[in-house]
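With mmCIF, C-alpha atoms inside, this is protein-v3.cif:
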data_start
#
loop_
_atom_site.label_atom_id
_atom_site.label_comp_id
_atom_site.auth_asym_id
_atom_site.auth_seq_id
_atom_site.Cartn_x
_atom_site.Cartn_y
_atom_site.Cartn_z
CA MET H 1 -29.81 6.82 0.02
CA ARG H 2 -29.16 9.36 2.79
CA VAL H 3 -25.95 9.55 4.83
CA SER H 4 -27.96 9.03 8.01
CA ASP H 5 -29.46 5.76 6.72
CA PRO H 6 -28.32 2.67 8.67
CA GLU H 7 -27.50 1.04 5.34
CA TYR H 8 -24.91 3.75 4.73
CA GLN H 9 -23.47 4.00 8.26
CA THR H 10 -23.08 0.23 8.65
CA HIS H 11 -21.59 -0.38 5.21
CA VAL H 12 -18.77 -2.94 5.17
CA VAL H 13 -16.32 -0.37 3.78
CA PHE H 14 -15.83 1.16 7.24
CA ASN H 15 -14.70 -2.12 8.80
CA GLU H 16 -12.45 -2.82 5.84
CA LEU H 17 -10.78 0.58 6.00
CA GLU H 18 -10.13 0.06 9.69
CA ARG H 19 -8.45 -3.26 8.88
CA TYR H 20 -6.25 -1.63 6.24
CA ALA H 21 -5.18 1.08 8.67
CA GLN H 22 -4.35 -1.52 11.33
CA PHE H 23 -2.37 -3.52 8.77
CA TYR H 24 -0.19 -0.51 7.92
CA GLU H 25 0.35 0.31 11.59
CA SER H 26 1.52 -3.26 12.17
CA LEU H 27 3.73 -3.10 9.09
CA ALA H 28 5.22 0.18 10.31
CA ASP H 29 6.19 -1.50 13.58
CA GLY H 30 7.46 -4.61 11.82
CA VAL H 31 9.89 -2.88 9.44
CA PHE H 32 11.44 -0.57 12.04
CA GLN H 33 14.30 -3.00 12.66
CA PHE H 34 15.47 -2.94 9.02
CA VAL H 35 17.97 -0.31 7.87
CA SER H 36 17.10 1.75 4.78
CA VAL H 37 20.34 0.95 2.97
CA GLY H 38 21.29 3.68 0.52
CA THR H 39 20.19 6.53 2.77
CA THR H 40 21.58 8.25 5.85
CA ALA H 41 18.38 7.54 7.78
CA ILE H 42 18.95 6.08 11.23
CA CYS H 43 15.54 4.40 11.25
CA ASN H 44 13.73 2.67 8.42
CA ILE H 45 12.02 5.38 6.38
CA ASP H 46 9.16 3.05 5.48
CA THR H 47 8.11 2.95 9.12
CA TYR H 48 7.01 6.55 8.78
CA VAL H 49 5.57 6.06 5.30
CA TYR H 50 3.35 3.17 6.43
CA SER H 51 2.24 5.04 9.52
CA ALA H 52 1.33 8.03 7.36
CA ILE H 53 -0.65 5.79 5.00
CA ALA H 54 -2.54 4.39 8.00
CA GLY H 55 -3.43 7.97 8.87
CA THR H 56 -4.65 8.69 5.35
CA ILE H 57 -6.87 5.61 5.40
CA ALA H 58 -8.29 6.64 8.78
CA SER H 59 -9.05 10.04 7.25
CA ILE H 60 -10.82 8.39 4.31
CA SER H 61 -13.02 6.53 6.76
CA MET H 62 -13.88 9.66 8.76
CA VAL H 63 -14.70 11.67 5.65
CA LEU H 64 -16.83 8.84 4.26
CA ARG H 65 -18.64 8.51 7.57
CA ASP H 66 -19.55 12.19 7.25
CA GLY H 67 -20.98 11.52 3.80
CA ARG H 68 -18.34 13.34 1.77
CA ILE H 69 -17.67 10.63 -0.80
CA ASN H 70 -16.19 13.14 -3.22
CA ASP H 71 -13.62 14.37 -0.69
CA ALA H 72 -12.87 10.76 0.25
CA TYR H 73 -11.84 10.14 -3.34
CA ALA H 74 -9.26 12.92 -3.12
CA LEU H 75 -7.80 11.12 -0.11
CA LEU H 76 -8.00 7.80 -1.94
CA ARG H 77 -5.87 9.32 -4.69
CA LYS H 78 -3.39 10.34 -2.01
CA TYR H 79 -3.36 6.74 -0.77
CA TYR H 80 -2.70 5.54 -4.33
CA ASP H 81 0.09 8.12 -4.75
CA SER H 82 1.62 7.12 -1.42
CA ALA H 83 1.67 3.47 -2.45
CA VAL H 84 3.40 4.32 -5.72
CA ILE H 85 5.94 6.58 -3.99
CA ASN H 86 6.70 3.88 -1.44
CA VAL H 87 7.17 1.17 -4.06
CA TYR H 88 9.21 3.46 -6.31
CA SER H 89 11.60 4.52 -3.54
CA ASP H 90 12.10 0.96 -2.28
CA LEU H 91 12.53 -0.44 -5.77
CA TYR H 92 14.98 2.35 -6.66
CA LEU H 93 17.05 1.63 -3.56
CA ARG H 94 17.01 -2.11 -4.27
CA GLU H 95 17.95 -1.88 -7.94
CA HIS H 96 20.69 0.68 -7.42
CA ARG H 97 22.06 -1.17 -4.41
CA GLU H 98 22.69 -4.24 -6.57
CA GLY H 99 25.37 -2.37 -8.52
CA TRP H 100 27.16 -0.84 -5.56
CA ASP H 101 30.69 -1.59 -4.44
CA PHE H 102 30.22 -2.17 -0.73
CA THR H 103 33.90 -1.41 -0.09
CA ALA H 104 33.26 2.19 -1.09
CA LYS H 105 32.76 4.84 1.57
CA THR H 106 29.68 6.40 0.01
CA LEU H 107 26.79 4.05 -0.57
CA LEU H 108 23.93 6.47 -1.16
CA ALA H 109 21.13 6.63 -3.69
CA GLU H 110 21.09 10.39 -3.89
CA GLN H 111 17.63 10.68 -5.42
CA ILE H 112 16.02 8.95 -2.46
CA ASN H 113 18.41 10.27 0.16
CA GLY H 114 17.97 13.78 -1.22
CA TRP H 115 14.19 13.39 -1.07
CA LEU H 116 14.50 12.17 2.51
CA HIS H 117 16.40 15.32 3.51
CA GLY H 118 14.36 17.79 1.46
CA ARG H 119 16.96 18.48 -1.22
CA VAL H 120 15.38 16.59 -4.11
CA LYS H 121 11.82 16.15 -5.33
CA LEU H 122 10.76 12.75 -6.53
CA PRO H 123 9.78 12.45 -10.20
CA GLU H 124 6.17 13.05 -11.21
CA TYR H 125 3.68 10.24 -10.76
CA ARG H 126 3.82 9.03 -14.37
CA VAL H 127 7.61 8.63 -14.26
CA MET H 128 7.48 6.64 -11.02
CA SER H 129 4.62 4.49 -12.28
CA ASN H 130 6.46 3.70 -15.51
CA TYR H 131 9.62 2.84 -13.56
CA ILE H 132 7.67 0.34 -11.47
CA ARG H 133 5.87 -1.16 -14.45
CA SER H 134 9.10 -1.62 -16.42
CA SER H 135 10.95 -3.37 -13.58
CA GLU H 136 12.08 -6.90 -14.30
CA THR H 137 11.78 -7.64 -10.58
CA LEU H 138 8.04 -7.00 -10.78
CA ARG H 139 7.39 -8.47 -14.23
CA THR H 140 5.10 -11.28 -13.04
CA ILE H 141 3.16 -9.12 -10.60
CA ASN H 142 2.81 -6.29 -13.10
CA GLY H 143 1.53 -8.69 -15.73
CA LEU H 144 -1.33 -9.69 -13.42
CA LEU H 145 -2.07 -6.27 -11.92
CA HIS H 146 -2.21 -4.56 -15.29
CA ALA H 147 -3.77 -7.30 -17.36
CA ASP H 148 -6.77 -4.98 -17.80
CA ASP H 149 -7.51 -1.29 -17.26
CA THR H 150 -8.71 -1.57 -13.65
CA TYR H 151 -6.05 0.72 -12.23
CA LYS H 152 -6.35 3.19 -15.08
CA LYS H 153 -10.06 3.50 -14.30
CA ILE H 154 -9.38 3.94 -10.58
CA ARG H 155 -6.94 6.72 -11.30
CA SER H 156 -9.46 8.34 -13.60
CA ARG H 157 -12.21 8.18 -10.95
CA CYS H 158 -9.90 9.72 -8.37
CA ASN H 159 -9.03 12.56 -10.74
CA ASP H 160 -12.64 13.10 -11.79
CA ASN H 161 -13.68 13.53 -8.17
CA THR H 162 -10.70 15.68 -7.23
CA HIS H 163 -11.28 18.10 -10.11
CA TYR H 164 -15.10 18.01 -10.24
CA ASN H 165 -14.97 16.79 -13.83
CA PHE H 166 -18.65 15.81 -13.62
CA PHE H 167 -21.50 17.48 -11.76
CA GLY H 168 -22.40 14.15 -10.19
CA ASN H 169 -19.10 14.32 -8.29
CA VAL H 170 -20.22 17.62 -6.78
CA MET H 171 -23.41 16.00 -5.53
CA LEU H 172 -21.44 13.27 -3.78
CA ASN H 173 -20.19 15.92 -1.36
CA ASN H 174 -23.65 17.16 -0.41
CA ARG H 175 -24.49 15.02 2.59
CA GLU H 176 -27.92 16.51 3.31
CA VAL H 177 -29.30 15.78 -0.14
CA TYR H 178 -30.94 12.47 -0.99
CA ASN H 179 -28.83 10.82 -3.69
CA ARG H 180 -30.02 7.62 -5.31
CA ASN H 181 -26.45 6.95 -6.50
CA ARG H 182 -24.84 7.30 -3.08
CA GLY H 183 -24.93 3.57 -2.34
CA VAL H 184 -23.41 2.74 -5.72
CA ALA H 185 -20.66 5.31 -5.17
CA LEU H 186 -19.91 3.94 -1.71
CA GLU H 187 -19.60 0.43 -3.08
CA GLN H 188 -17.33 1.72 -5.87
CA ILE H 189 -14.93 3.46 -3.51
CA ARG H 190 -14.88 0.28 -1.44
CA SER H 191 -13.89 -1.72 -4.52
CA ASP H 192 -11.23 0.85 -5.45
CA ALA H 193 -9.73 0.79 -1.94
CA ILE H 194 -9.49 -3.01 -2.10
CA ALA H 195 -7.69 -2.81 -5.45
CA ILE H 196 -5.16 -0.26 -4.18
CA PHE H 197 -4.47 -2.33 -1.06
CA VAL H 198 -3.96 -5.42 -3.22
CA LEU H 199 -1.56 -3.54 -5.49
CA HIS H 200 0.51 -2.19 -2.62
CA PHE H 201 0.58 -5.49 -0.72
CA SER H 202 1.72 -7.36 -3.84
CA TYR H 203 4.48 -4.87 -4.54
CA VAL H 204 5.75 -4.71 -0.94
CA VAL H 205 6.06 -8.50 -0.74
CA SER H 206 7.79 -8.61 -4.14
CA VAL H 207 10.30 -5.82 -3.50
CA ASN H 208 11.06 -6.36 0.21
CA ASP H 209 9.74 -9.78 1.16
CA HIS H 210 11.62 -9.67 4.48
CA TYR H 211 9.28 -6.87 5.55
CA VAL H 212 6.52 -9.40 6.20
CA MET H 213 8.54 -11.89 8.27
CA SER H 214 7.27 -12.91 11.67
CA SER H 215 9.01 -11.79 14.84
CA ASP H 216 10.02 -15.35 15.80
CA TYR H 217 13.63 -15.00 14.60
CA MET H 218 14.32 -11.84 16.60
CA ASP H 219 12.30 -13.05 19.58
CA HIS H 220 14.52 -16.11 19.92
CA LEU H 221 17.71 -14.06 19.64
CA GLU H 222 16.51 -11.59 22.25
CA CYS H 223 15.79 -14.49 24.58
CA GLY H 224 19.26 -15.93 24.00
CA SER H 225 17.98 -19.04 22.24
CA THR H 226 18.69 -20.42 18.79
CA PRO H 227 15.95 -19.54 16.28
CA PRO H 228 14.18 -22.52 14.68
CA ASP H 229 15.66 -23.50 11.36
CA GLY H 230 14.09 -21.50 8.52
CA CYS H 231 11.97 -19.26 10.75
CA GLU H 232 13.31 -16.20 8.92
CA HIS H 233 10.93 -17.23 6.17
CA TRP H 234 7.85 -17.39 8.38
CA VAL H 235 5.17 -14.79 7.73
CA ALA H 236 3.79 -12.48 10.41
CA PRO H 237 0.24 -13.46 11.45
CA TYR H 238 -1.31 -10.12 10.46
CA VAL H 239 0.25 -10.44 6.99
CA GLN H 240 -0.98 -14.01 6.57
CA ASP H 241 -4.45 -12.86 7.62
CA ALA H 242 -4.47 -10.09 4.98
CA PHE H 243 -3.15 -12.55 2.41
CA ASP H 244 -5.94 -15.03 3.16
CA SER H 245 -8.87 -12.67 3.61
CA ILE H 246 -8.06 -10.05 0.96
CA LEU H 247 -5.72 -11.33 -1.74
CA ARG H 248 -7.01 -14.90 -1.85
CA VAL H 249 -10.59 -13.62 -1.90
CA HIS H 250 -10.28 -10.75 -4.38
CA ARG H 251 -7.19 -11.69 -6.43
CA PRO H 252 -6.40 -15.40 -6.10
CA ASP H 253 -4.17 -15.13 -9.17
CA LEU H 254 -1.89 -12.67 -7.38
CA ALA H 255 -1.97 -14.75 -4.20
CA GLU H 256 -0.82 -17.79 -6.16
CA ALA H 257 1.96 -15.84 -7.91
CA ILE H 258 3.23 -14.44 -4.62
CA GLN H 259 3.20 -17.85 -2.99
CA GLU H 260 5.12 -19.38 -5.89
CA ASN H 261 7.75 -16.64 -6.21
CA SER H 262 8.33 -15.35 -2.69
CA ALA H 263 10.96 -16.69 -0.34
CA MET H 264 8.45 -16.19 2.44
CA GLN H 265 6.34 -19.19 3.46
CA PHE H 266 2.73 -18.16 3.08
CA ASP H 267 0.38 -20.88 4.34
CA SER H 268 -1.54 -22.78 1.69
#
Please re-express this file's structure in structure tokens.
Amino acid sequence: MRVSDPEYQTHVVFNELERYAQFYESLADGVFQFVSVGTTAICNIDTYVYSAIAGTIASISMVLRDGRINDAYALLRKYYDSAVINVYSDLYLREHREGWDFTAKTLLAEQINGWLHGRVKLPEYRVMSNYIRSSETLRTINGLLHADDTYKKIRSRCNDNTHYNFFGNVMLNNREVYNRNRGVALEQIRSDAIAIFVLHFSYVVSVNDHYVMSSDYMDHLECGSTPPDGCEHWVAPYVQDAFDSILRVHRPDLAEAIQENSAMQFDS
């Protein structure tokens, strides 16, 4: 397959990446109203994290469009890292907040607040990943996500491409050369992107389920009317769409677990 082939340029991965980027932009807007308790941030720090992730995904799409599948994998690893960092920081804030005395004057999680202000580096990837995987809050989700070695293999592929561990990875960056494996590699990076999105979506809903609530509650308050009973548990349309078209299609087991354990009312 050549990069100029219609089969390459019209591959479904490009539409899917655009959807992921749009999802994160919508999520960035949706969480802005929530305070990042445990930090001195005025605005929700995840607003900027999600917007940055949307940018990374857009970059993956542009690089792929140019035929640089190898470089796209380096960006995919960044997407994976960003998801882990986001989940780690939110989980850390949540789990440390549970032990705080809210009558105290200082209610800061210094590791995250220090990272926010450039005083502290976050732990290395392995430490953050282990923290997430050992969390009791995420026990059910972790059990499903890591029931096999899917994510270990994705991480390995990202690293192999980033470090040119195999000559074939070099060839995936040569867009002018005919490569019979290019179509297979494009389908693989598509599958890996789906898996990372599924992982991040599942964790976000499990750690901060209020992040995916619809705007109905606030819309009613802003209009001076009483919100419908229970509407704080309604799910935003773009989130429900991702839940139906991505999780239910690719990981129905995770979709079922989320629906059973979340306070949010995902449609059946």
For a quick check of your reading of the model, name the residues lying within 7 Å of the coordinate (-26.1, 6.8, 1.0), counting only C-alpha atoms, and write them as a PyMOL selection string. chain H and resi 1-3+5+8+179+182-183
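Using all atoms listed in the file, the nearest neighbour of Phe243 in chain H within the list H:Leu172, H:Ala255, H:Ala58, H:Cys43 is H:Ala255.
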Any chance you could resolve the PyMOL selection byres ((chain H and resi 258-266) around 12) against this file and give the residues as an MDAnalysis selection string? chainID H and resid 137:142 144 198:199 201:214 230:244 247:248 251:257 267:268
Write out as a ChimeraX atom specification each polymer residue whose atoms come within 10 Å of range 106-123 of chain H, counting all atoms listed in the file; drop sequence neighbours fewer than 4 positions from it. /H:36-41,45,85,88-90,92-94,96-97,100-102,127-129
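Counting only C-alpha atoms, the residue from H:Cys223, H:Ile194, H:Ala185, H:Ala74 that sits nearest to Tyr164 in chain H is H:Ala74.
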Please identify all polymer residues within 7 Å of Ala83 in chain H, counting only C-alpha atoms, omitting same-chain residues fewer than 4 positions from it, and present them as an MDAnalysis selection string. chainID H and resid 79 87 200
Could you please fill out range 140-153 of chain H with N, CA and C atoms and send it back as a PDB file, in the frame of the given file?
ATOM      1  N   THR H 140       6.241 -10.378 -13.221  1.00  0.00           N
ATOM      2  CA  THR H 140       5.100 -11.280 -13.040  1.00  0.00           C
ATOM      3  C   THR H 140       3.922 -10.568 -12.383  1.00  0.00           C
ATOM      4  N   ILE H 141       4.210  -9.834 -11.317  1.00  0.00           N
ATOM      5  CA  ILE H 141       3.160  -9.120 -10.600  1.00  0.00           C
ATOM      6  C   ILE H 141       2.524  -8.057 -11.478  1.00  0.00           C
ATOM      7  N   ASN H 142       3.344  -7.316 -12.209  1.00  0.00           N
ATOM      8  CA  ASN H 142       2.810  -6.290 -13.100  1.00  0.00           C
ATOM      9  C   ASN H 142       1.916  -6.889 -14.180  1.00  0.00           C
ATOM     10  N   GLY H 143       2.316  -8.045 -14.686  1.00  0.00           N
ATOM     11  CA  GLY H 143       1.530  -8.690 -15.730  1.00  0.00           C
ATOM     12  C   GLY H 143       0.118  -9.015 -15.258  1.00  0.00           C
ATOM     13  N   LEU H 144      -0.017  -9.369 -13.979  1.00  0.00           N
ATOM     14  CA  LEU H 144      -1.330  -9.690 -13.420  1.00  0.00           C
ATOM     15  C   LEU H 144      -2.091  -8.431 -13.018  1.00  0.00           C
ATOM     16  N   LEU H 145      -1.404  -7.494 -12.367  1.00  0.00           N
ATOM     17  CA  LEU H 145      -2.070  -6.270 -11.920  1.00  0.00           C
ATOM     18  C   LEU H 145      -2.610  -5.451 -13.081  1.00  0.00           C
ATOM     19  N   HIS H 146      -1.849  -5.426 -14.168  1.00  0.00           N
ATOM     20  CA  HIS H 146      -2.210  -4.560 -15.290  1.00  0.00           C
ATOM     21  C   HIS H 146      -2.653  -5.334 -16.522  1.00  0.00           C
ATOM     22  N   ALA H 147      -3.250  -6.489 -16.258  1.00  0.00           N
ATOM     23  CA  ALA H 147      -3.770  -7.300 -17.360  1.00  0.00           C
ATOM     24  C   ALA H 147      -4.981  -6.637 -18.003  1.00  0.00           C
ATOM     25  N   ASP H 148      -5.651  -5.758 -17.259  1.00  0.00           N
ATOM     26  CA  ASP H 148      -6.770  -4.980 -17.800  1.00  0.00           C
ATOM     27  C   ASP H 148      -6.599  -3.522 -17.382  1.00  0.00           C
ATOM     28  N   ASP H 149      -7.633  -2.720 -17.553  1.00  0.00           N
ATOM     29  CA  ASP H 149      -7.510  -1.290 -17.260  1.00  0.00           C
ATOM     30  C   ASP H 149      -8.097  -0.897 -15.906  1.00  0.00           C
ATOM     31  N   THR H 150      -8.140  -1.845 -14.973  1.00  0.00           N
ATOM     32  CA  THR H 150      -8.710  -1.570 -13.650  1.00  0.00           C
ATOM     33  C   THR H 150      -8.061  -0.375 -12.983  1.00  0.00           C
ATOM     34  N   TYR H 151      -6.747  -0.342 -12.946  1.00  0.00           N
ATOM     35  CA  TYR H 151      -6.050   0.720 -12.230  1.00  0.00           C
ATOM     36  C   TYR H 151      -6.081   2.048 -12.993  1.00  0.00           C
ATOM     37  N   LYS H 152      -6.166   1.981 -14.288  1.00  0.00           N
ATOM     38  CA  LYS H 152      -6.350   3.190 -15.080  1.00  0.00           C
ATOM     39  C   LYS H 152      -7.698   3.829 -14.762  1.00  0.00           C
ATOM     40  N   LYS H 153      -8.721   3.007 -14.620  1.00  0.00           N
ATOM     41  CA  LYS H 153     -10.060   3.500 -14.300  1.00  0.00           C
ATOM     42  C   LYS H 153     -10.111   4.073 -12.887  1.00  0.00           C
TER      43      LYS H 153
END
